[in-house]
file model-v3.cif (mmCIF, C-alpha atoms)
data_upload
loop_
_atom_site.group_PDB
_atom_site.id
_atom_site.type_symbol
_atom_site.label_atom_id
_atom_site.label_comp_id
_atom_site.auth_asym_id
_atom_site.auth_seq_id
_atom_site.Cartn_x
_atom_site.Cartn_y
_atom_site.Cartn_z
ATOM 1 C CA MET W 1279 -170.183 -183.880 19.173
ATOM 2 C CA SER W 1280 -172.215 -186.608 20.709
ATOM 3 C CA ARG W 1281 -174.898 -188.610 18.966
ATOM 4 C CA ASP W 1282 -177.419 -187.286 21.470
ATOM 5 C CA ALA W 1283 -176.599 -183.642 20.807
ATOM 6 C CA ALA W 1284 -179.426 -181.143 20.882
ATOM 7 C CA VAL W 1285 -181.110 -179.689 17.840
ATOM 8 C CA PRO W 1286 -178.461 -178.113 15.561
ATOM 9 C CA GLY W 1287 -177.826 -174.401 15.932
ATOM 10 C CA VAL W 1288 -178.530 -171.765 13.295
ATOM 11 C CA HIS W 1289 -174.922 -170.522 12.979
ATOM 12 C CA PRO W 1290 -175.595 -166.990 14.302
ATOM 13 C CA GLY W 1291 -172.092 -165.737 13.504
ATOM 14 C CA TRP W 1292 -172.837 -165.826 9.778
ATOM 15 C CA TYR W 1293 -176.077 -163.910 10.298
ATOM 16 C CA LEU W 1294 -174.183 -161.325 12.340
ATOM 17 C CA ALA W 1295 -171.653 -160.998 9.501
ATOM 18 C CA ALA W 1296 -174.504 -160.514 7.019
ATOM 19 C CA GLY W 1297 -176.083 -157.949 9.334
ATOM 20 C CA LEU W 1298 -172.783 -156.092 9.545
ATOM 21 C CA ILE W 1299 -172.643 -155.925 5.745
ATOM 22 C CA VAL W 1300 -176.192 -154.503 5.685
ATOM 23 C CA VAL W 1301 -175.317 -151.902 8.333
ATOM 24 C CA LEU W 1302 -172.132 -150.909 6.511
ATOM 25 C CA VAL W 1303 -173.943 -150.465 3.190
ATOM 26 C CA ALA W 1304 -176.701 -148.449 4.888
ATOM 27 C CA GLY W 1305 -174.025 -146.337 6.613
ATOM 28 C CA VAL W 1306 -172.351 -145.621 3.288
ATOM 29 C CA GLY W 1307 -175.745 -144.606 1.880
ATOM 30 C CA ALA W 1308 -176.400 -142.300 4.835
ATOM 31 C CA ALA W 1309 -172.944 -140.738 4.575
ATOM 32 C CA ALA W 1310 -173.291 -140.284 0.818
ATOM 33 C CA TRP W 1311 -176.839 -138.890 0.980
ATOM 34 C CA PRO W 1312 -175.872 -135.203 0.571
ATOM 35 C CA SER W 1313 -173.731 -135.901 -2.481
ATOM 36 C CA LEU W 1314 -176.092 -138.312 -4.250
ATOM 37 C CA PRO W 1315 -177.798 -136.986 -7.382
ATOM 38 C CA GLU W 1316 -181.473 -136.030 -7.211
ATOM 39 C CA ARG W 1317 -182.364 -138.865 -9.606
ATOM 40 C CA LEU W 1318 -180.933 -142.317 -8.958
ATOM 41 C CA PRO W 1319 -180.853 -145.336 -11.259
ATOM 42 C CA VAL W 1320 -183.045 -148.112 -9.888
ATOM 43 C CA HIS W 1321 -183.003 -150.603 -12.772
ATOM 44 C CA TRP W 1322 -180.513 -151.633 -15.457
ATOM 45 C CA ASP W 1323 -181.082 -153.383 -18.764
ATOM 46 C CA GLY W 1324 -179.154 -156.388 -20.028
ATOM 47 C CA SER W 1325 -176.308 -154.248 -21.333
ATOM 48 C CA GLY W 1326 -175.712 -152.658 -17.908
ATOM 49 C CA THR W 1327 -177.262 -149.293 -18.798
ATOM 50 C CA ALA W 1328 -179.710 -147.747 -16.347
ATOM 51 C CA ASP W 1329 -183.179 -147.720 -17.884
ATOM 52 C CA ARG W 1330 -185.248 -146.461 -14.954
ATOM 53 C CA TYR W 1331 -184.625 -143.625 -12.509
ATOM 54 C CA GLU W 1332 -186.388 -142.447 -9.370
ATOM 55 C CA GLU W 1333 -186.173 -139.254 -7.330
ATOM 56 C CA LYS W 1334 -183.807 -139.465 -4.391
ATOM 57 C CA SER W 1335 -185.800 -140.463 -1.331
ATOM 58 C CA PHE W 1336 -185.396 -142.658 1.711
ATOM 59 C CA GLY W 1337 -186.960 -145.513 -0.235
ATOM 60 C CA THR W 1338 -184.775 -145.244 -3.303
ATOM 61 C CA VAL W 1339 -181.546 -144.886 -1.350
ATOM 62 C CA PHE W 1340 -182.239 -147.473 1.337
ATOM 63 C CA PHE W 1341 -184.289 -150.022 -0.618
ATOM 64 C CA GLY W 1342 -181.241 -152.307 -1.013
ATOM 65 C CA PRO W 1343 -180.221 -152.340 2.653
ATOM 66 C CA LEU W 1344 -183.864 -152.736 3.720
ATOM 67 C CA LEU W 1345 -184.298 -155.605 1.251
ATOM 68 C CA SER W 1346 -181.116 -157.227 2.576
ATOM 69 C CA ALA W 1347 -182.289 -156.827 6.160
ATOM 70 C CA GLY W 1348 -185.646 -158.373 5.270
ATOM 71 C CA LEU W 1349 -183.989 -161.324 3.532
ATOM 72 C CA LEU W 1350 -181.664 -161.751 6.493
ATOM 73 C CA VAL W 1351 -184.553 -161.856 8.958
ATOM 74 C CA PHE W 1352 -186.499 -164.208 6.666
ATOM 75 C CA LEU W 1353 -183.582 -166.659 6.405
ATOM 76 C CA TYR W 1354 -182.874 -166.521 10.145
ATOM 77 C CA VAL W 1355 -186.518 -167.130 11.073
ATOM 78 C CA THR W 1356 -186.684 -169.921 8.490
ATOM 79 C CA ALA W 1357 -183.643 -171.532 10.116
ATOM 80 C CA LEU W 1358 -185.253 -171.262 13.559
ATOM 81 C CA ILE W 1359 -188.491 -172.788 12.286
ATOM 82 C CA ILE W 1360 -187.062 -175.708 10.319
ATOM 83 C CA ARG W 1361 -184.312 -176.814 12.669
ATOM 84 C CA PRO W 1362 -186.398 -179.182 14.839
ATOM 85 C CA PHE W 1363 -188.030 -180.877 11.842
ATOM 86 C CA PRO W 1364 -186.662 -184.079 10.343
ATOM 87 C CA LEU W 1365 -185.127 -184.137 6.889
ATOM 88 C CA ASN W 1366 -187.338 -185.596 4.220
ATOM 89 C CA ASN W 1367 -184.795 -187.971 2.750
ATOM 90 C CA ALA W 1368 -183.336 -191.299 3.731
ATOM 91 C CA ALA W 1369 -179.852 -191.714 5.077
ATOM 92 C CA PRO W 1370 -177.235 -192.843 2.568
ATOM 93 C CA ALA W 1371 -176.143 -196.475 2.759
ATOM 94 C CA GLY W 1372 -174.021 -197.103 5.815
ATOM 95 C CA VAL W 1373 -175.095 -193.946 7.675
ATOM 96 C CA ASP W 1374 -177.224 -194.194 10.807
ATOM 97 C CA GLU W 1375 -180.553 -192.387 10.375
ATOM 98 C CA GLN W 1376 -180.128 -190.285 13.532
ATOM 99 C CA VAL W 1377 -176.621 -189.241 12.475
ATOM 100 C CA HIS W 1378 -177.911 -188.395 8.996
ATOM 101 C CA GLN W 1379 -180.718 -186.269 10.430
ATOM 102 C CA GLN W 1380 -178.434 -184.297 12.739
ATOM 103 C CA ALA W 1381 -175.634 -183.788 10.210
ATOM 104 C CA GLY W 1382 -178.060 -183.050 7.385
ATOM 105 C CA MET W 1383 -179.956 -180.416 9.346
ATOM 106 C CA ASP W 1384 -176.733 -178.785 10.505
ATOM 107 C CA ALA W 1385 -175.482 -178.638 6.897
ATOM 108 C CA THR W 1386 -178.819 -177.190 5.762
ATOM 109 C CA LEU W 1387 -178.730 -174.506 8.448
ATOM 110 C CA TYR W 1388 -175.114 -173.741 7.548
ATOM 111 C CA PHE W 1389 -176.076 -173.312 3.886
ATOM 112 C CA LEU W 1390 -178.911 -170.920 4.851
ATOM 113 C CA ALA W 1391 -176.502 -168.840 6.936
ATOM 114 C CA LEU W 1392 -173.995 -168.621 4.071
ATOM 115 C CA THR W 1393 -176.857 -167.687 1.747
ATOM 116 C CA ALA W 1394 -177.633 -164.725 4.028
ATOM 117 C CA VAL W 1395 -174.051 -163.470 3.679
ATOM 118 C CA ASP W 1396 -174.011 -163.996 -0.094
ATOM 119 C CA LEU W 1397 -177.309 -162.157 -0.589
ATOM 120 C CA SER W 1398 -176.164 -159.272 1.620
ATOM 121 C CA LEU W 1399 -173.038 -158.894 -0.499
ATOM 122 C CA LEU W 1400 -174.937 -159.023 -3.796
ATOM 123 C CA VAL W 1401 -177.655 -156.563 -2.812
ATOM 124 C CA GLY W 1402 -175.021 -154.345 -1.183
ATOM 125 C CA TRP W 1403 -173.068 -154.252 -4.457
ATOM 126 C CA ILE W 1404 -176.197 -153.375 -6.415
ATOM 127 C CA SER W 1405 -176.932 -150.544 -3.971
ATOM 128 C CA LEU W 1406 -173.402 -149.175 -4.136
ATOM 129 C CA ARG W 1407 -173.412 -149.424 -7.922
ATOM 130 C CA GLY W 1408 -176.571 -147.340 -8.119
ATOM 131 C CA TRP W 1409 -175.173 -144.714 -5.786
ATOM 132 C CA PHE W 1410 -171.651 -144.301 -7.119
ATOM 133 C CA LEU W 1411 -171.109 -145.723 -10.589
ATOM 134 C CA SER W 1412 -172.041 -144.275 -13.929
ATOM 135 C CA PRO W 1413 -175.585 -145.242 -14.975
ATOM 136 C CA ASP W 1414 -174.316 -146.199 -18.428
ATOM 137 C CA GLY W 1415 -171.790 -148.676 -17.081
ATOM 138 C CA SER W 1416 -170.814 -151.922 -18.677
ATOM 139 C CA VAL W 1417 -172.659 -155.176 -18.425
ATOM 140 C CA LEU W 1418 -169.633 -156.532 -16.552
ATOM 141 C CA LEU W 1419 -170.358 -154.279 -13.583
ATOM 142 C CA PHE W 1420 -173.709 -156.000 -13.316
ATOM 143 C CA ALA W 1421 -173.033 -159.494 -14.658
ATOM 144 C CA LEU W 1422 -169.779 -160.244 -12.833
ATOM 145 C CA PRO W 1423 -171.206 -159.703 -9.323
ATOM 146 C CA THR W 1424 -174.158 -161.898 -10.258
ATOM 147 C CA LEU W 1425 -171.823 -164.593 -11.538
ATOM 148 C CA GLY W 1426 -169.768 -164.137 -8.374
ATOM 149 C CA PHE W 1427 -172.928 -164.640 -6.321
ATOM 150 C CA LEU W 1428 -173.726 -167.846 -8.199
ATOM 151 C CA ALA W 1429 -170.162 -169.076 -7.667
ATOM 152 C CA ALA W 1430 -170.380 -168.199 -3.964
ATOM 153 C CA MET W 1431 -173.652 -170.116 -3.674
ATOM 154 C CA GLY W 1432 -172.018 -173.111 -5.361
ATOM 155 C CA GLY W 1433 -169.160 -172.808 -2.888
ATOM 156 C CA ALA W 1434 -171.632 -172.615 -0.010
ATOM 157 C CA GLY W 1435 -173.230 -175.828 -1.250
ATOM 158 C CA LEU W 1436 -169.849 -177.555 -1.386
ATOM 159 C CA LEU W 1437 -168.957 -176.303 2.105
ATOM 160 C CA ALA W 1438 -172.293 -177.557 3.441
ATOM 161 C CA LYS W 1439 -171.721 -180.960 1.817
ATOM 162 C CA ARG W 1440 -168.230 -181.137 3.320
ATOM 163 C CA ARG W 1441 -169.656 -180.164 6.702
ATOM 164 C CA TYR W 1442 -172.249 -182.949 6.409
ATOM 165 C CA ARG W 1443 -169.607 -185.555 5.596
ATOM 166 C CA ARG W 1444 -167.350 -184.393 8.432
ATOM 167 C CA MET W 1445 -170.205 -184.495 10.943
ATOM 168 C CA VAL W 1446 -171.268 -187.960 9.795
ATOM 169 C CA ALA W 1447 -167.707 -189.180 10.289
ATOM 170 C CA GLU W 1448 -167.459 -187.565 13.752
ATOM 171 C CA LEU W 1449 -170.862 -188.731 14.944
ATOM 172 C CA SER W 1450 -170.368 -192.243 13.616
ATOM 173 C CA ALA W 1451 -167.034 -192.695 15.388
#

call {"tool": "encode", "arguments": {"input": "model-v3.cif", "output": "structure tokens"}}
result
Amino acid sequence: MSRDAAVPGVHPGWYLAAGLIVVLVAGVGAAAWPSLPERLPVHWDGSGTADRYEEKSFGTVFFGPLLSAGLLVFLYVTALIIRPFPLNNAAPAGVDEQVHQQAGMDATLYFLALTAVDLSLLVGWISLRGWFLSPDGSVLLFALPTLGFLAAMGGAGLLAKRRYRRMVAELSA
């Protein structure tokens, strides 16, 4: 990477991976449509028990994949919009401002891309849970994926920070 490199990219491979997850979940929903019950759980209380049901319809079955697709598009467009703008923080001591800006924006865009994958997995799990698991399931079937999502987001933050440090080292050499 040169110091004069163009505006950082948006990491499209991660968005494609997130899109593949959305398509796979929607495909499972389409394949399962005939065998789904006429009333589907759409909300669970804190103990993991379904507390609201809706009639089976396109909206109730495909709300999760459509929500994931919308979030994916939102994050991708956000990445496209913000990438030419400067970061709003000063470079750490000993780091050239231009290097900081380029590495910082790349790390930010990387974090957004990983967020798209993490959200697609979480919303996909919630969709699959509503379609296939007992509506009076345990809180673990709801809480553990959420905790997993939070852990994955923490991991994404650490990966983005590592990416920033690596780029600073490469661009400063």

call {"tool": "resolve_selection", "arguments": {"input": "model-v3.cif", "expression": "the PyMOL selection byres ((chain W and resi 1351-1365) around 9)", "output": "PyMOL selection string"}}
result
chain W and resi 1285-1288+1290+1293+1346-1350+1366-1368+1378-1380+1382-1384+1386-1387+1390-1391+1393-1394

call {"tool": "resolve_selection", "arguments": {"input": "model-v3.cif", "expression": "the PyMOL selection byres ((chain W and resi 1404) around 12)", "output": "PyMOL selection string"}}
result
chain W and resi 1303+1319-1322+1326+1328+1339-1343+1345-1346+1397-1403+1405-1411+1413+1419-1424+1427

call {"tool": "closest_residue", "arguments": {"input": "model-v3.cif", "among": "W:Glu1448, W:Glu1316, W:Glu1375, W:Asp1396", "to": "Ala1295 in chain W", "atoms": "all atoms listed in the file"}}
result
W:Asp1396

call {"tool": "atom_distance", "arguments": {"input": "model-v3.cif", "atom1": "CA of Ser1416 in chain W", "atom2": "CA of Ala1296 in chain W"}}
result
27.3 Å

call {"tool": "resolve_selection", "arguments": {"input": "model-v3.cif", "expression": "the PyMOL selection byres ((chain W and resi 1431) around 10)", "output": "mmCIF file with C-alpha atoms, in the frame of the given file"}}
result
data_model
loop_
_atom_site.group_PDB
_atom_site.id
_atom_site.type_symbol
_atom_site.label_atom_id
_atom_site.label_comp_id
_atom_site.auth_asym_id
_atom_site.auth_seq_id
_atom_site.Cartn_x
_atom_site.Cartn_y
_atom_site.Cartn_z
ATOM 1 C CA PHE W 1389 -176.076 -173.312 3.886
ATOM 2 C CA LEU W 1392 -173.995 -168.621 4.071
ATOM 3 C CA THR W 1393 -176.857 -167.687 1.747
ATOM 4 C CA VAL W 1395 -174.051 -163.470 3.679
ATOM 5 C CA ASP W 1396 -174.011 -163.996 -0.094
ATOM 6 C CA LEU W 1397 -177.309 -162.157 -0.589
ATOM 7 C CA LEU W 1425 -171.823 -164.593 -11.538
ATOM 8 C CA GLY W 1426 -169.768 -164.137 -8.374
ATOM 9 C CA PHE W 1427 -172.928 -164.640 -6.321
ATOM 10 C CA LEU W 1428 -173.726 -167.846 -8.199
ATOM 11 C CA ALA W 1429 -170.162 -169.076 -7.667
ATOM 12 C CA ALA W 1430 -170.380 -168.199 -3.964
ATOM 13 C CA GLY W 1432 -172.018 -173.111 -5.361
ATOM 14 C CA GLY W 1433 -169.160 -172.808 -2.888
ATOM 15 C CA ALA W 1434 -171.632 -172.615 -0.010
ATOM 16 C CA GLY W 1435 -173.230 -175.828 -1.250
ATOM 17 C CA LEU W 1436 -169.849 -177.555 -1.386
ATOM 18 C CA LEU W 1437 -168.957 -176.303 2.105
#

call {"tool": "atom_distance", "arguments": {"input": "model-v3.cif", "atom1": "CA of Val1377 in chain W", "atom2": "CA of Lys1439 in chain W"}}
result
14.4 Å

call {"tool": "residues_around", "arguments": {"input": "model-v3.cif", "residues": "Trp1311 in chain W", "least_positions_apart": "3", "cutoff": "10 Å", "atoms": "all atoms listed in the file", "output": "NGL selection string"}}
result
:W and (1305-1308 or 1314-1316 or 1334-1336 or 1339 or 1409)

call {"tool": "closest_residue", "arguments": {"input": "model-v3.cif", "among": "W:Ala1381, W:Leu1418, W:Val1300, W:Met1445", "to": "Leu1344 in chain W", "atoms": "only C-alpha atoms"}}
result
W:Val1300

call {"tool": "atom_distance", "arguments": {"input": "model-v3.cif", "atom1": "CA of Asp1414 in chain W", "atom2": "CA of Ser1325 in chain W"}}
result
8.8 Å

call {"tool": "build_atoms", "arguments": {"input": "model-v3.cif", "residues": "range 1320-1346 of chain W", "atoms": "N, CA, C and O atoms", "output": "PDB file, in the coordinates of the input"}}
result
ATOM      1  N   VAL W1320    -182.469-147.047 -10.713  1.00  0.00           N
ATOM      2  CA  VAL W1320    -183.045-148.112  -9.888  1.00  0.00           C
ATOM      3  C   VAL W1320    -183.211-149.419 -10.670  1.00  0.00           C
ATOM      4  O   VAL W1320    -183.601-150.429 -10.100  1.00  0.00           O
ATOM      5  N   HIS W1321    -182.916-149.392 -11.965  1.00  0.00           N
ATOM      6  CA  HIS W1321    -183.003-150.603 -12.772  1.00  0.00           C
ATOM      7  C   HIS W1321    -182.052-150.484 -13.954  1.00  0.00           C
ATOM      8  O   HIS W1321    -181.877-149.401 -14.489  1.00  0.00           O
ATOM      9  N   TRP W1322    -181.444-151.607 -14.334  1.00  0.00           N
ATOM     10  CA  TRP W1322    -180.513-151.633 -15.457  1.00  0.00           C
ATOM     11  C   TRP W1322    -180.973-152.682 -16.464  1.00  0.00           C
ATOM     12  O   TRP W1322    -181.511-153.719 -16.091  1.00  0.00           O
ATOM     13  N   ASP W1323    -180.728-152.407 -17.735  1.00  0.00           N
ATOM     14  CA  ASP W1323    -181.082-153.383 -18.764  1.00  0.00           C
ATOM     15  C   ASP W1323    -179.964-154.419 -18.904  1.00  0.00           C
ATOM     16  O   ASP W1323    -178.983-154.389 -18.165  1.00  0.00           O
ATOM     17  N   GLY W1324    -180.114-155.309 -19.850  1.00  0.00           N
ATOM     18  CA  GLY W1324    -179.154-156.388 -20.028  1.00  0.00           C
ATOM     19  C   GLY W1324    -177.769-155.943 -20.431  1.00  0.00           C
ATOM     20  O   GLY W1324    -176.802-156.682 -20.258  1.00  0.00           O
ATOM     21  N   SER W1325    -177.633-154.729 -20.950  1.00  0.00           N
ATOM     22  CA  SER W1325    -176.308-154.248 -21.333  1.00  0.00           C
ATOM     23  C   SER W1325    -175.637-153.466 -20.205  1.00  0.00           C
ATOM     24  O   SER W1325    -174.546-152.936 -20.384  1.00  0.00           O
ATOM     25  N   GLY W1326    -176.295-153.365 -19.047  1.00  0.00           N
ATOM     26  CA  GLY W1326    -175.712-152.658 -17.908  1.00  0.00           C
ATOM     27  C   GLY W1326    -176.003-151.180 -17.870  1.00  0.00           C
ATOM     28  O   GLY W1326    -175.457-150.459 -17.051  1.00  0.00           O
ATOM     29  N   THR W1327    -176.904-150.711 -18.749  1.00  0.00           N
ATOM     30  CA  THR W1327    -177.262-149.293 -18.798  1.00  0.00           C
ATOM     31  C   THR W1327    -178.538-149.075 -17.980  1.00  0.00           C
ATOM     32  O   THR W1327    -179.500-149.830 -18.117  1.00  0.00           O
ATOM     33  N   ALA W1328    -178.520-148.051 -17.148  1.00  0.00           N
ATOM     34  CA  ALA W1328    -179.710-147.747 -16.347  1.00  0.00           C
ATOM     35  C   ALA W1328    -180.865-147.393 -17.278  1.00  0.00           C
ATOM     36  O   ALA W1328    -180.706-146.588 -18.194  1.00  0.00           O
ATOM     37  N   ASP W1329    -182.010-148.002 -17.041  1.00  0.00           N
ATOM     38  CA  ASP W1329    -183.179-147.720 -17.884  1.00  0.00           C
ATOM     39  C   ASP W1329    -184.379-147.229 -17.074  1.00  0.00           C
ATOM     40  O   ASP W1329    -185.455-147.028 -17.614  1.00  0.00           O
ATOM     41  N   ARG W1330    -184.190-147.042 -15.767  1.00  0.00           N
ATOM     42  CA  ARG W1330    -185.248-146.461 -14.954  1.00  0.00           C
ATOM     43  C   ARG W1330    -184.611-145.691 -13.803  1.00  0.00           C
ATOM     44  O   ARG W1330    -183.680-146.165 -13.163  1.00  0.00           O
ATOM     45  N   TYR W1331    -185.124-144.508 -13.562  1.00  0.00           N
ATOM     46  CA  TYR W1331    -184.625-143.625 -12.509  1.00  0.00           C
ATOM     47  C   TYR W1331    -185.772-143.255 -11.582  1.00  0.00           C
ATOM     48  O   TYR W1331    -186.930-143.244 -11.984  1.00  0.00           O
ATOM     49  N   GLU W1332    -185.419-142.943 -10.349  1.00  0.00           N
ATOM     50  CA  GLU W1332    -186.388-142.447  -9.370  1.00  0.00           C
ATOM     51  C   GLU W1332    -185.771-141.253  -8.650  1.00  0.00           C
ATOM     52  O   GLU W1332    -184.551-141.125  -8.559  1.00  0.00           O
ATOM     53  N   GLU W1333    -186.644-140.385  -8.131  1.00  0.00           N
ATOM     54  CA  GLU W1333    -186.173-139.254  -7.330  1.00  0.00           C
ATOM     55  C   GLU W1333    -185.512-139.775  -6.062  1.00  0.00           C
ATOM     56  O   GLU W1333    -185.923-140.794  -5.518  1.00  0.00           O
ATOM     57  N   LYS W1334    -184.482-139.075  -5.628  1.00  0.00           N
ATOM     58  CA  LYS W1334    -183.807-139.465  -4.391  1.00  0.00           C
ATOM     59  C   LYS W1334    -184.796-139.348  -3.240  1.00  0.00           C
ATOM     60  O   LYS W1334    -185.430-138.319  -3.045  1.00  0.00           O
ATOM     61  N   SER W1335    -184.941-140.432  -2.512  1.00  0.00           N
ATOM     62  CA  SER W1335    -185.800-140.463  -1.331  1.00  0.00           C
ATOM     63  C   SER W1335    -185.254-141.543  -0.404  1.00  0.00           C
ATOM     64  O   SER W1335    -184.365-142.320  -0.785  1.00  0.00           O
ATOM     65  N   PHE W1336    -185.808-141.617   0.774  1.00  0.00           N
ATOM     66  CA  PHE W1336    -185.396-142.658   1.711  1.00  0.00           C
ATOM     67  C   PHE W1336    -185.566-144.032   1.062  1.00  0.00           C
ATOM     68  O   PHE W1336    -184.690-144.885   1.152  1.00  0.00           O
ATOM     69  N   GLY W1337    -186.675-144.225   0.390  1.00  0.00           N
ATOM     70  CA  GLY W1337    -186.960-145.513  -0.235  1.00  0.00           C
ATOM     71  C   GLY W1337    -186.001-145.878  -1.344  1.00  0.00           C
ATOM     72  O   GLY W1337    -185.561-147.022  -1.439  1.00  0.00           O
ATOM     73  N   THR W1338    -185.668-144.918  -2.191  1.00  0.00           N
ATOM     74  CA  THR W1338    -184.775-145.244  -3.303  1.00  0.00           C
ATOM     75  C   THR W1338    -183.342-145.466  -2.825  1.00  0.00           C
ATOM     76  O   THR W1338    -182.644-146.319  -3.355  1.00  0.00           O
ATOM     77  N   VAL W1339    -182.913-144.732  -1.837  1.00  0.00           N
ATOM     78  CA  VAL W1339    -181.546-144.886  -1.350  1.00  0.00           C
ATOM     79  C   VAL W1339    -181.412-146.134  -0.475  1.00  0.00           C
ATOM     80  O   VAL W1339    -180.449-146.883  -0.591  1.00  0.00           O
ATOM     81  N   PHE W1340    -182.377-146.390   0.364  1.00  0.00           N
ATOM     82  CA  PHE W1340    -182.239-147.473   1.337  1.00  0.00           C
ATOM     83  C   PHE W1340    -183.032-148.725   0.996  1.00  0.00           C
ATOM     84  O   PHE W1340    -183.138-149.630   1.827  1.00  0.00           O
ATOM     85  N   PHE W1341    -183.567-148.816  -0.230  1.00  0.00           N
ATOM     86  CA  PHE W1341    -184.289-150.022  -0.618  1.00  0.00           C
ATOM     87  C   PHE W1341    -183.386-151.252  -0.526  1.00  0.00           C
ATOM     88  O   PHE W1341    -183.781-152.293   0.009  1.00  0.00           O
ATOM     89  N   GLY W1342    -182.169-151.170  -1.044  1.00  0.00           N
ATOM     90  CA  GLY W1342    -181.241-152.307  -1.013  1.00  0.00           C
ATOM     91  C   GLY W1342    -180.929-152.781   0.397  1.00  0.00           C
ATOM     92  O   GLY W1342    -181.102-153.967   0.703  1.00  0.00           O
ATOM     93  N   PRO W1343    -180.473-151.891   1.286  1.00  0.00           N
ATOM     94  CA  PRO W1343    -180.221-152.340   2.653  1.00  0.00           C
ATOM     95  C   PRO W1343    -181.477-152.859   3.361  1.00  0.00           C
ATOM     96  O   PRO W1343    -181.400-153.841   4.107  1.00  0.00           O
ATOM     97  N   LEU W1344    -182.632-152.235   3.099  1.00  0.00           N
ATOM     98  CA  LEU W1344    -183.864-152.736   3.720  1.00  0.00           C
ATOM     99  C   LEU W1344    -184.237-154.107   3.166  1.00  0.00           C
ATOM    100  O   LEU W1344    -184.681-154.990   3.914  1.00  0.00           O
ATOM    101  N   LEU W1345    -184.048-154.301   1.860  1.00  0.00           N
ATOM    102  CA  LEU W1345    -184.298-155.605   1.251  1.00  0.00           C
ATOM    103  C   LEU W1345    -183.357-156.644   1.854  1.00  0.00           C
ATOM    104  O   LEU W1345    -183.783-157.750   2.224  1.00  0.00           O
ATOM    105  N   SER W1346    -182.085-156.305   1.976  1.00  0.00           N
ATOM    106  CA  SER W1346    -181.116-157.227   2.576  1.00  0.00           C
ATOM    107  C   SER W1346    -181.496-157.572   4.007  1.00  0.00           C
ATOM    108  O   SER W1346    -181.418-158.731   4.413  1.00  0.00           O
TER     109      SER W1346
END
